file input_8.txt (compact mmCIF, C-alpha atoms)
# COMPACT_ATOMS: atom_id res chain seq x y z
CA MET A 445 -19.00 -5.00 32.97
CA LYS A 446 -16.23 -6.64 30.99
CA GLN A 447 -18.51 -9.58 30.12
CA ARG A 448 -21.26 -7.21 28.98
CA GLY A 449 -18.76 -5.30 26.85
CA ARG A 450 -17.61 -8.50 25.16
CA HIS A 451 -21.24 -9.40 24.37
CA ARG A 452 -21.80 -5.97 22.85
CA ARG A 453 -18.70 -6.32 20.68
CA ARG A 454 -19.77 -9.80 19.56
CA ARG A 455 -23.26 -8.57 18.63
CA ARG A 456 -21.78 -5.64 16.74
CA GLY A 457 -19.33 -7.99 15.02
CA ARG A 458 -22.16 -10.27 13.89
CA ALA A 459 -24.17 -7.29 12.72
CA LEU A 460 -21.18 -5.94 10.82
CA ARG A 461 -20.53 -9.26 9.06
CA ALA A 462 -24.21 -9.46 8.07
CA PHE A 463 -24.07 -5.86 6.88
CA LEU A 464 -21.00 -6.49 4.72
CA SER A 465 -22.67 -9.55 3.17
CA GLY A 466 -25.74 -7.42 2.43
CA THR A 467 -23.56 -4.73 0.90
CA ALA A 468 -21.90 -7.31 -1.35
CA LEU A 469 -25.34 -8.56 -2.42
CA ALA A 470 -26.40 -5.00 -3.31
CA LEU A 471 -23.19 -4.50 -5.30
CA THR A 472 -23.80 -7.81 -7.09
CA VAL A 473 -27.23 -6.59 -8.12
CA ALA A 474 -25.60 -3.38 -9.38
CA ALA A 475 -23.09 -5.45 -11.34
CA THR A 476 -25.94 -7.05 -13.29
CA MET A 477 -26.57 -3.63 -14.80
CA ILE A 478 -23.16 -3.65 -16.53
CA SER A 479 -23.68 -4.02 -20.27
CA ALA A 480 -22.50 -7.13 -22.07
CA SER A 481 -19.96 -5.09 -24.03
CA GLN A 482 -18.36 -3.89 -20.81
CA ALA A 483 -18.55 -7.32 -19.21
CA THR A 484 -16.60 -9.07 -21.94
CA VAL A 485 -13.67 -6.66 -22.09
CA THR A 486 -11.38 -9.06 -20.19
CA ASP A 487 -13.34 -12.33 -20.50
CA ASP A 488 -10.56 -14.09 -22.40
CA GLY A 489 -8.17 -13.43 -19.56
CA PRO A 490 -4.59 -12.20 -19.74
CA GLY A 491 -3.03 -15.69 -19.61
CA ASP A 492 -0.02 -16.40 -17.43
CA LEU A 493 2.93 -14.13 -16.75
CA LYS A 494 5.79 -14.10 -19.24
CA PRO A 495 9.25 -14.34 -17.61
CA LEU A 496 11.83 -11.69 -18.54
CA THR A 497 15.31 -13.14 -18.58
CA ALA A 498 17.27 -11.12 -21.13
CA SER A 499 19.81 -8.78 -19.53
CA ALA A 500 18.53 -5.97 -21.73
CA GLU A 501 15.19 -6.27 -19.93
CA THR A 502 16.28 -7.07 -16.38
CA GLY A 503 19.03 -4.43 -16.46
CA LYS A 504 16.36 -1.73 -16.69
CA LEU A 505 15.13 -2.70 -13.24
CA ARG A 506 18.38 -1.91 -11.39
CA LEU A 507 18.32 0.49 -8.46
CA THR A 508 21.11 2.43 -6.78
CA GLU A 509 21.01 2.85 -3.02
CA ASN A 510 21.72 6.29 -1.57
CA ARG A 511 21.93 6.88 2.20
CA VAL A 512 21.45 10.21 3.94
CA PRO A 513 24.73 10.85 5.81
CA GLN A 514 24.52 9.91 9.47
CA ALA A 515 25.88 13.33 10.39
CA SER A 516 22.86 14.96 8.69
CA LEU A 517 20.40 12.74 10.56
CA ASP A 518 22.18 13.41 13.85
CA ARG A 519 22.15 17.16 13.21
CA LEU A 520 18.41 17.08 12.51
CA ALA A 521 17.75 15.03 15.66
CA ALA A 522 19.89 17.42 17.71
CA GLY A 523 17.78 20.31 16.48
CA MET A 524 14.38 18.63 16.83
CA GLY A 525 14.92 16.47 19.89
CA ARG A 526 15.36 12.78 20.49
CA PRO A 527 13.49 10.64 17.89
CA VAL A 528 10.54 8.53 19.05
CA GLY A 529 9.08 5.24 17.85
CA VAL A 530 5.75 3.90 16.65
CA GLY A 531 4.33 3.52 20.17
CA ALA A 532 4.70 7.23 20.87
CA VAL A 533 2.86 8.08 17.65
CA LEU A 534 -0.01 5.71 18.50
CA ASP A 535 -0.29 7.31 21.93
CA GLY A 536 -1.36 10.42 20.06
CA ALA A 537 -4.06 8.63 18.01
CA ASP A 538 -7.02 10.93 18.64
CA ARG A 539 -9.23 10.15 15.62
CA THR A 540 -11.49 7.13 15.03
CA LEU A 541 -12.23 5.32 11.78
CA ARG A 542 -15.91 4.62 11.11
CA ASP A 543 -17.20 1.03 10.85
CA ALA A 544 -18.74 0.00 7.53
CA ILE A 545 -22.21 0.38 9.08
CA ASP A 546 -21.47 4.08 9.50
CA CYS A 547 -19.99 4.57 6.01
CA SER A 548 -22.02 6.30 3.32
CA ALA A 549 -23.51 4.38 0.40
CA GLY A 550 -20.95 6.01 -1.89
CA GLU A 551 -18.07 4.91 0.34
CA ARG A 552 -19.39 1.35 0.46
CA ARG A 553 -19.38 1.21 -3.34
CA ALA A 554 -15.59 1.03 -3.04
CA LEU A 555 -15.92 -2.50 -1.62
CA PRO A 556 -15.52 -5.58 -3.85
CA VAL A 557 -18.56 -7.43 -5.12
CA SER A 558 -16.67 -10.72 -4.93
CA PRO A 559 -14.93 -11.83 -2.78
CA VAL A 560 -16.71 -10.12 0.10
CA ALA A 561 -14.76 -7.88 2.50
CA SER A 562 -14.60 -9.32 6.01
CA ARG A 563 -13.69 -5.98 7.61
CA ALA A 564 -14.34 -2.43 6.37
CA TYR A 565 -13.85 1.05 7.77
CA CYS A 566 -14.06 4.59 6.45
CA TRP A 567 -11.80 7.56 7.03
CA ASN A 568 -13.29 10.80 8.29
CA THR A 569 -14.21 13.30 5.62
CA ASP A 570 -13.04 16.37 7.55
CA ASP A 571 -9.36 15.35 7.51
CA THR A 572 -9.26 13.56 4.13
CA GLU A 573 -11.04 16.13 1.97
CA GLY A 574 -8.53 17.32 -0.63
CA TRP A 575 -6.29 14.29 -0.07
CA GLN A 576 -5.75 11.35 -2.43
CA PRO A 577 -5.56 7.88 -0.83
CA GLY A 578 -2.75 5.52 -1.73
CA ALA A 579 -0.93 2.52 -0.31
CA VAL A 580 -1.47 0.38 2.78
CA THR A 581 1.04 -1.66 4.79
CA THR A 582 0.82 -3.18 8.27
CA SER A 583 2.81 -4.50 11.22
CA GLY A 584 2.13 -7.88 9.58
CA ASP A 585 4.65 -6.77 6.95
CA ALA A 586 7.02 -5.40 9.56
CA ASP A 587 7.28 -8.61 11.60
CA ASP A 588 6.07 -12.12 10.91
CA ASP A 589 4.22 -12.29 14.24
CA GLY A 590 2.12 -9.32 13.11
CA VAL A 591 3.07 -7.13 16.06
CA TRP A 592 5.49 -4.22 16.30
CA GLY A 593 6.54 -4.06 19.92
CA SER A 594 3.20 -4.52 21.65
CA ASN A 595 1.21 -2.87 18.86
CA ARG A 596 -0.79 -4.04 15.88
CA VAL A 597 -0.60 -1.25 13.33
CA ILE A 598 -1.93 -0.30 9.91
CA LEU A 599 -0.20 2.45 7.91
CA SER A 600 -2.11 4.33 5.21
CA GLY A 601 -0.48 6.65 2.68
CA TRP A 602 -2.12 9.85 1.35
CA SER A 603 -1.05 12.81 -0.81
CA ARG A 604 -2.44 16.37 -0.97
CA SER A 605 -4.58 16.91 -4.06
CA GLY A 606 -6.32 20.13 -3.05
CA GLY A 607 -5.84 23.12 -0.79
CA PRO A 608 -3.19 25.83 -1.12
CA ALA A 609 -0.80 25.47 -4.06
CA ALA A 610 2.17 25.26 -1.69
CA ASP A 611 0.72 22.08 -0.15
CA ARG A 612 -0.08 20.23 -3.38
CA GLY A 613 1.50 16.79 -3.48
CA LEU A 614 2.60 16.68 0.17
CA ALA A 615 2.67 13.09 1.44
CA ARG A 616 1.54 11.83 4.83
CA VAL A 617 0.95 8.52 6.59
CA GLY A 618 -1.95 7.60 8.82
CA PHE A 619 -0.81 5.55 11.85
CA VAL A 620 -3.74 3.31 12.80
CA ASN A 621 -3.88 1.51 16.14
CA ALA A 622 -5.33 -1.87 15.14
CA GLY A 623 -5.09 -3.52 18.55
CA ASP A 624 -8.90 -3.48 18.82
CA LEU A 625 -10.43 -4.12 15.39
CA SER A 626 -13.82 -2.98 16.66
CA ARG A 627 -12.40 0.50 17.20
CA LEU A 628 -9.53 1.73 15.04
CA THR A 629 -7.95 5.00 16.13
CA TYR A 630 -5.38 6.99 14.16
CA THR A 631 -3.20 10.05 13.81
CA TRP A 632 -1.05 11.51 11.03
CA ALA A 633 2.67 11.96 10.37
CA LEU A 634 4.19 13.95 7.52
CA LEU A 635 6.77 12.35 5.23
CA ALA A 636 9.83 14.56 4.72
CA VAL A 637 13.29 14.67 3.19
CA PRO A 638 16.27 16.23 5.06
CA VAL A 639 17.94 19.19 3.32
CA ASP A 640 20.86 21.51 4.00
CA GLU A 641 22.86 18.67 5.65
CA GLY A 642 20.15 18.08 8.24
CA ARG A 643 19.62 21.71 9.20
CA ASP A 644 16.10 21.59 7.78
CA TYR A 645 13.66 19.32 5.94
CA ARG A 646 11.15 19.67 3.12
CA GLY A 647 7.95 17.72 2.61
CA LEU A 648 8.01 14.70 0.33
CA VAL A 649 6.00 15.70 -2.74
CA SER A 650 4.67 12.49 -4.22
CA HIS A 651 1.61 10.31 -4.62
CA VAL A 652 2.10 7.43 -2.15
CA SER A 653 0.91 4.64 -4.44
CA GLY A 654 3.11 1.94 -2.90
CA MET A 655 4.43 1.38 0.61
CA VAL A 656 6.02 -1.53 2.52
CA TRP A 657 6.98 -1.59 6.20
CA TYR A 658 9.69 -4.23 6.59
CA GLN A 659 11.50 -4.67 9.92
CA ASP A 660 12.27 -1.12 11.09
CA LYS A 661 12.20 0.47 7.63
CA LEU A 662 9.35 1.96 5.60
CA LEU A 663 9.85 1.93 1.82
CA VAL A 664 7.65 4.39 -0.07
CA THR A 665 7.24 4.74 -3.83
CA ALA A 666 8.08 8.24 -4.99
CA ASP A 667 7.84 10.39 -8.09
CA ASP A 668 9.50 13.19 -6.14
CA GLY A 669 12.44 13.36 -8.57
CA ASP A 670 13.20 12.29 -12.13
CA ARG A 671 15.06 9.14 -11.10
CA THR A 672 13.82 8.54 -7.57
CA ALA A 673 11.98 5.23 -7.21
CA LEU A 674 11.72 4.65 -3.45
CA TYR A 675 12.33 6.66 -0.31
CA VAL A 676 13.37 4.89 2.91
CA TYR A 677 12.21 5.87 6.40
CA ASP A 678 13.32 4.56 9.80
CA MET A 679 10.34 3.70 12.03
CA ASN A 680 12.52 4.28 15.09
CA ARG A 681 13.36 7.78 13.89
CA VAL A 682 10.06 9.65 14.07
CA GLN A 683 10.50 13.29 15.07
CA ARG A 684 8.08 15.45 17.00
CA ALA A 685 7.04 18.77 15.44
CA GLY A 686 6.27 21.23 18.22
CA ILE A 687 4.81 24.10 16.18
CA ALA A 688 1.24 23.54 14.92
CA ASP A 689 1.66 25.60 11.77
CA ASP A 690 0.89 24.96 8.10
CA ALA A 691 4.55 25.47 7.23
CA VAL A 692 6.96 22.57 6.69
CA GLY A 693 10.42 22.56 8.24
CA ARG A 694 12.26 24.94 10.54
CA VAL A 695 10.16 27.91 11.61
CA PRO A 696 10.68 30.64 14.24
CA GLY A 697 10.57 28.94 17.60
CA GLY A 698 10.90 25.37 16.41
CA TRP A 699 9.72 22.92 13.73
CA SER A 700 6.48 22.52 11.83
CA ALA A 701 4.99 19.62 9.84
CA ASN A 702 1.98 21.10 8.04
CA GLY A 703 0.01 21.08 11.28
CA TYR A 704 0.85 17.49 12.31
CA HIS A 705 2.58 16.48 15.54
CA PHE A 706 4.97 14.01 13.91
CA VAL A 707 7.28 13.91 10.91
CA LEU A 708 9.36 11.11 9.36
CA PRO A 709 12.60 12.33 7.74
CA ALA A 710 13.93 10.02 5.01
CA ILE A 711 17.16 8.17 5.78
CA GLY A 712 17.84 7.18 2.17
CA SER A 713 16.45 6.45 -1.26
CA TYR A 714 16.70 4.07 -4.21
CA GLU A 715 17.10 5.61 -7.64
CA LEU A 716 16.46 4.02 -11.00
CA SER A 717 19.72 3.28 -12.78
CA GLY A 718 18.55 1.23 -15.74
CA GLY A 719 18.18 3.92 -18.41
CA SER A 720 15.53 6.37 -19.59
CA ASP A 721 12.98 3.65 -20.31
CA ALA A 722 13.31 1.97 -16.90
CA PRO A 723 9.91 1.11 -15.42
CA HIS A 724 8.96 3.12 -12.37
CA PRO A 725 7.82 0.96 -9.40
CA ALA A 726 4.40 2.52 -8.84
CA THR A 727 3.11 -0.25 -6.57
CA VAL A 728 4.98 -2.47 -4.10
CA SER A 729 4.20 -5.23 -1.59
CA LEU A 730 6.02 -7.72 0.62
CA ASP A 731 6.38 -11.44 -0.12
CA ARG A 732 7.38 -13.54 2.91
CA SER A 733 7.07 -16.81 0.97
CA THR A 734 10.43 -16.29 -0.79
CA VAL A 735 13.92 -16.89 0.60
CA PRO A 736 14.99 -14.27 1.43
CA ASP A 737 11.85 -12.15 1.85
CA SER A 738 11.36 -9.92 -1.18
CA LEU A 739 9.87 -6.62 -2.29
CA VAL A 740 7.41 -7.11 -5.15
CA ALA A 741 7.04 -4.19 -7.55
CA GLY A 742 4.90 -3.32 -10.54
CA GLU A 743 4.41 -0.46 -12.96
CA TRP A 744 1.08 1.15 -13.74
CA THR A 745 -0.38 1.01 -17.24
CA ARG A 746 -3.35 2.65 -18.92
CA ASP A 747 -6.51 0.66 -19.37
CA GLY A 748 -6.91 -0.41 -22.98
CA GLY A 749 -3.37 0.63 -23.90
CA ASP A 750 -1.04 -1.46 -26.01
CA ARG A 751 1.86 -1.47 -23.52
CA THR A 752 2.17 -4.49 -21.25
CA ALA A 753 3.13 -4.02 -17.61
CA ARG A 754 6.26 -5.37 -15.94
CA LEU A 755 6.20 -7.02 -12.51
CA TRP A 756 9.38 -7.88 -10.63
CA ARG A 757 10.95 -8.47 -7.21
CA TYR A 758 14.04 -7.41 -5.24
CA PRO A 759 15.48 -9.53 -2.39
CA PHE A 760 15.81 -7.99 1.04
CA SER A 761 19.23 -7.92 2.67
CA GLY A 762 20.34 -10.31 5.38
CA THR A 763 23.55 -8.40 6.09
CA PRO A 764 23.99 -7.14 9.68
CA GLY A 765 23.67 -3.37 9.81
CA HIS A 766 21.55 -3.38 6.65
CA GLU A 767 18.29 -4.51 8.27
CA GLY A 768 15.08 -3.68 6.43
CA LEU A 769 16.93 -2.62 3.28
CA LEU A 770 17.28 -4.25 -0.11
CA ALA A 771 20.20 -6.52 -0.93
CA THR A 772 22.96 -4.56 -2.67
CA SER A 773 26.20 -5.29 -4.44
CA ALA A 774 29.52 -3.84 -3.27
CA THR A 775 28.78 -0.80 -5.45
CA GLY A 776 25.35 -0.20 -3.93
CA ARG A 777 23.39 -1.64 -6.86
CA VAL A 778 20.14 -3.57 -6.38
CA ARG A 779 19.22 -6.16 -8.99
CA ALA A 780 15.84 -7.76 -9.59
CA SER A 781 15.78 -11.48 -8.77
CA GLU A 782 12.71 -12.17 -10.91
CA ALA A 783 10.80 -10.27 -13.58
CA TYR A 784 7.68 -10.82 -15.71
CA ARG A 785 5.28 -9.17 -18.10
CA THR A 786 1.52 -9.28 -17.61
CA LYS A 787 -1.15 -8.62 -20.21
CA VAL A 788 -3.47 -7.15 -17.61
CA THR A 789 -4.25 -3.55 -18.61
CA GLY A 790 -4.88 -0.71 -16.18
CA VAL A 791 -2.55 -2.35 -13.62
CA ARG A 792 -2.67 -0.83 -10.13
CA GLY A 793 -1.84 -3.18 -7.22
CA VAL A 794 0.33 -6.32 -7.19
CA LEU A 795 0.87 -9.07 -4.62
CA SER A 796 2.82 -12.32 -4.77
CA TYR A 797 2.62 -15.25 -2.38
CA GLY A 798 3.74 -18.83 -2.97
CA SER A 799 3.37 -19.59 -6.66
CA GLU A 800 0.57 -17.09 -7.19
CA TRP A 801 0.58 -13.49 -8.38
CA TYR A 802 -2.39 -11.19 -7.80
CA VAL A 803 -2.80 -8.15 -10.04
CA THR A 804 -5.56 -5.56 -9.71
CA ARG A 805 -6.98 -3.66 -12.65
CA ALA A 806 -8.61 -0.27 -12.11
CA ALA A 807 -12.22 0.24 -13.16
CA GLY A 808 -12.55 1.64 -16.67
CA PRO A 809 -14.42 4.89 -17.46
CA GLN A 810 -17.73 3.04 -17.95
CA GLU A 811 -17.24 0.43 -15.23
CA GLY A 812 -18.32 0.52 -11.62
CA GLN A 813 -15.82 -2.06 -10.39
CA GLY A 814 -12.23 -3.14 -11.06
CA THR A 815 -10.82 -6.64 -11.52
CA LEU A 816 -8.41 -8.79 -9.54
CA TRP A 817 -6.57 -11.40 -11.64
CA ARG A 818 -4.72 -14.38 -10.18
CA GLN A 819 -1.87 -15.36 -12.52
CA ASP A 820 0.79 -18.04 -12.67
CA ALA A 821 4.38 -17.42 -13.71
CA GLY A 822 4.53 -18.92 -17.24
CA ALA A 823 7.36 -20.08 -19.46
CA SER A 824 6.12 -19.17 -22.91
CA ASP A 825 7.99 -16.77 -25.16
CA ASP A 826 5.00 -16.40 -27.48
CA GLU A 827 3.57 -12.90 -27.05
CA ASP A 828 0.18 -14.07 -28.36
CA ASP A 829 -0.07 -17.14 -26.14
CA ARG A 830 -3.03 -16.78 -23.77
CA THR A 831 -3.35 -20.45 -22.94
CA GLY A 832 -1.68 -20.01 -19.56
CA ARG A 833 -3.61 -19.95 -16.32
CA SER A 834 -5.27 -16.76 -15.12
CA GLU A 835 -8.46 -16.49 -13.13
CA ALA A 836 -10.73 -13.76 -11.80
CA ALA A 837 -13.96 -13.76 -9.82
CA VAL A 838 -17.21 -13.79 -11.81
CA CYS A 839 -20.26 -11.81 -10.71
CA GLY A 840 -23.52 -10.36 -11.98
CA ALA A 841 -26.03 -11.67 -14.51
CA GLU A 842 -23.60 -10.91 -17.32
CA GLU A 843 -20.89 -12.93 -15.52
CA THR A 844 -18.45 -10.05 -15.66
CA HIS A 845 -14.96 -10.15 -14.17
CA SER A 846 -15.44 -6.59 -12.88
CA CYS A 847 -16.05 -7.73 -9.30
CA TRP A 848 -13.18 -6.06 -7.45
CA SER A 849 -12.92 -2.64 -5.83
CA PRO A 850 -12.77 0.23 -8.34
CA ARG A 851 -9.25 1.40 -7.48
CA THR A 852 -6.91 -0.31 -5.03
CA GLU A 853 -3.38 0.95 -5.50
CA SER A 854 -1.66 -1.59 -3.26
CA LEU A 855 -2.26 -4.94 -1.57
CA SER A 856 -0.73 -5.94 1.78
CA TYR A 857 -0.86 -9.55 3.02
CA TRP A 858 -0.91 -9.94 6.81
CA GLU A 859 0.47 -13.47 6.92
CA GLU A 860 -0.21 -14.02 10.63
CA THR A 861 -3.97 -13.44 10.16
CA GLY A 862 -4.25 -14.60 6.53
CA GLU A 863 -5.85 -11.29 5.50
CA VAL A 864 -5.17 -8.92 2.62
CA TRP A 865 -5.54 -5.21 3.47
CA THR A 866 -6.09 -2.43 0.96
CA GLN A 867 -8.03 0.79 0.48
CA SER A 868 -10.06 2.49 -2.23
CA GLY A 869 -11.18 6.07 -1.80
CA ARG A 870 -12.00 6.67 1.87
CA THR A 871 -12.71 2.96 2.42
CA LEU A 872 -10.15 0.73 4.15
CA PHE A 873 -10.97 -2.97 4.03
CA ALA A 874 -9.62 -6.48 4.52
CA LEU A 875 -10.52 -9.99 3.37
CA PRO A 876 -8.92 -13.43 3.66
CA LEU A 877 -6.44 -14.38 0.94
CA ALA A 878 -8.18 -17.79 0.97
CA SER A 879 -11.40 -16.10 -0.19
CA ILE A 880 -9.55 -14.49 -3.10
CA ASP A 881 -8.17 -17.90 -4.08
CA ARG A 882 -11.62 -19.45 -3.73
CA THR A 883 -13.39 -16.93 -5.96
CA THR A 884 -10.64 -16.91 -8.58
CA GLY A 885 -10.16 -20.68 -8.65
call {"tool": "encode", "arguments": {"input": "input_8.txt", "output": "structure tokens"}}
result
Amino acid sequence: MKQRGRHRRRRRGRALRAFLSGTALALTVAATMISASQATVTDDGPGDLKPLTASAETGKLRLTENRVPQASLDRLAAGMGRPVGVGAVLDGADRTLRDAIDCSAGERRALPVSPVASRAYCWNTDDTEGWQPGAVTTSGDADDDGVWGSNRVILSGWSRSGGPAADRGLARVGFVNAGDLSRLTYTWALLAVPVDEGRDYRGLVSHVSGMVWYQDKLLVTADDGDRTALYVYDMNRVQRAGIADDAVGRVPGGWSANGYHFVLPAIGSYELSGGSDAPHPATVSLDRSTVPDSLVAGEWTRDGGDRTARLWRYPFSGTPGHEGLLATSATGRVRASEAYRTKVTGVRGVLSYGSEWYVTRAAGPQEGQGTLWRQDAGASDDEDDRTGRSEAAVCGAEETHSCWSPRTESLSYWEETGEVWTQSGRTLFALPLASIDRTTG
């Protein structure tokens, strides 16, 4: 029976790979319908990245670390019960993602034309309707062997865009059991912020456009407050919510998390401290190719606007007792170790690995697909210099650069497998980083 099951999985795997290739071919045909005027919008390329070295520029990127008092966290745990870890959450994974074969034609249009996705899945419509998808991170970010405990995990961020007014903006994370890539199961946990010295919590109200799981911490981009840039969660401090109610926080008889069984209370945050014009880190990813490992950040910009986007990185701490957190000074300040400007417009996701930077551009109003640019870190101070190296895939009869997924808000590189994971709409997909390099080379 085991042998027969393996044969079935292999046949389905071959069928799925053939299906994804066929989907890419269909999208390529669709790309030929893009007009020449649309296709040449970014044909010149954005050039290389321009380094930012002046203190007036890099000073805007500073963060200040704030920790929730341990007494508040202990009080919350005393009220809710002993915290649990990732394994306990995955034990409650009672939903199943659909394979690409079972996705609708509209959902498959979220896949890139080039390079071709090697894996693709779709979230269920009944529990994502009225929710906006955001960032993706994995246990490949958390640990360099790709496993957290005995589990391979994908985390997917979402925020409430519909439903009752009281729920608008609530943030949640999908915990996906990725131990068997032929059958991904998942469940949800609400993101929260302790209040009243740990006597209660409120829901995090933010679009989760960036998220990185590093060691035992989860860093989430937040527009929850005027100066808040990132919230920090402890993956060993997941709380159970025993009351299946739409309310959030303490309720008669126990605790509720908008109907979910689990809730993550924040253990800290990073606030912008660089002035009123400081760029907000709207997208983040992990770079394990630096020493130390670093958090890569980028700001979003409008497509066709005249404002260039800034990309930068913060080093992670190596100090005992500060695991999974950013490196800070004695005063709790976090400084960027590297910063650049890119001329890519409509910036959404950013990834850095080795000497390469990968920047995704959202699809414009008249475009079916977005663009992924591969850029080098340049050395020119000339704002008009576009002679530096930047490459993007080319597809369609018009040889457009609009070959990427329409809207991927984050990119997560699973170093152990060599794959980049992301999502667009209800479609979660992966592809080898080597294929991105090949098509943008």
call {"tool": "closest_atom_pairs", "arguments": {"input": "input_8.txt", "of": "range 779-869 of chain A", "to": "range 500-519 of chain A", "cutoff": "7 Å", "atoms": "all atoms listed in the file", "output": "JSON lines"}}
result
{"residue": "A:Arg779", "atom": "CA", "partner": "A:Arg506", "partner_atom": "CA", "distance": 5.0}
{"residue": "A:Ala780", "atom": "CA", "partner": "A:Leu505", "partner_atom": "CA", "distance": 6.3}
{"residue": "A:Ala783", "atom": "CA", "partner": "A:Thr502", "partner_atom": "CA", "distance": 6.9}
call {"tool": "atom_distance", "arguments": {"input": "input_8.txt", "atom1": "CA of Leu634 in chain A", "atom2": "CA of Arg870 in chain A"}}
result
18.6 Å
call {"tool": "closest_atom_pairs", "arguments": {"input": "input_8.txt", "of": "range 487-574 of chain A", "to": "range 592-611 of chain A", "cutoff": "10 Å", "atoms": "all atoms listed in the file", "output": "CSV"}}
result
residue,atom,partner,partner_atom,distance
A:Gly529,CA,A:Gly593,CA,9.9
A:Val530,CA,A:Trp592,CA,8.1
A:Gly531,CA,A:Asn595,CA,7.2
A:Leu534,CA,A:Asn595,CA,8.7
A:Thr572,CA,A:Trp602,CA,8.5
A:Glu573,CA,A:Gly606,CA,8.0
A:Gly574,CA,A:Gly606,CA,4.3
call {"tool": "closest_residue", "arguments": {"input": "input_8.txt", "among": "A:Pro850, A:Pro736, A:Gly776, A:Pro556", "to": "Glu811 in chain A", "atoms": "all atoms listed in the file"}}
result
A:Pro850
call {"tool": "closest_residue", "arguments": {"input": "input_8.txt", "among": "A:Arg684, A:Arg542, A:Arg526, A:His845", "to": "Ser626 in chain A", "atoms": "all atoms listed in the file"}}
result
A:Arg542
call {"tool": "residues_around", "arguments": {"input": "input_8.txt", "residues": "Arg785 in chain A", "least_positions_apart": "6", "cutoff": "12 Å", "atoms": "only C-alpha atoms", "output": "PyMOL selection string"}}
result
chain A and resi 490-497+501-502+723+741-745+751-756+791+801+803+819-827
call {"tool": "closest_residue", "arguments": {"input": "input_8.txt", "among": "A:Thr629, A:Ser653, A:Asn621, A:Gln683", "to": "Ala522 in chain A", "atoms": "only C-alpha atoms"}}
result
A:Gln683
call {"tool": "closest_residue", "arguments": {"input": "input_8.txt", "among": "A:Ser799, A:Thr672, A:Thr786, A:Ser717", "to": "Ser733 in chain A", "atoms": "only C-alpha atoms"}}
result
A:Ser799
call {"tool": "residues_around", "arguments": {"input": "input_8.txt", "residues": "Tyr704 in chain A", "least_positions_apart": "2", "cutoff": "9 Å", "atoms": "all atoms listed in the file", "output": "PyMOL selection string"}}
result
chain A and resi 631-634+684-690+700-702+706-707
call {"tool": "atom_distance", "arguments": {"input": "input_8.txt", "atom1": "CA of Ala586 in chain A", "atom2": "CA of Leu662 in chain A"}}
result
8.7 Å
call {"tool": "closest_residue", "arguments": {"input": "input_8.txt", "among": "A:Thr734, A:Thr844, A:Thr772, A:Ser856", "to": "Leu795 in chain A", "atoms": "only C-alpha atoms"}}
result
A:Ser856
call {"tool": "closest_residue", "arguments": {"input": "input_8.txt", "among": "A:Arg627, A:His705, A:Arg694, A:Lys661", "to": "Asp535 in chain A", "atoms": "only C-alpha atoms"}}
result
A:His705
call {"tool": "residues_near_point", "arguments": {"input": "input_8.txt", "point": "(10.9, 7.1, 7.6)", "cutoff": "8 Å", "atoms": "only C-alpha atoms", "output": "PyMOL selection string"}}
result
chain A and resi 635+661-663+676-679+681-682+708-711
call {"tool": "atom_distance", "arguments": {"input": "input_8.txt", "atom1": "CA of Asp747 in chain A", "atom2": "CA of Arg792 in chain A"}}
result
10.1 Å
call {"tool": "residues_near_point", "arguments": {"input": "input_8.txt", "point": "(16.1, -4.8, 7.0)", "cutoff": "9 Å", "atoms": "only C-alpha atoms", "output": "ChimeraX atom specification"}}
result
/A:658-661,760-770
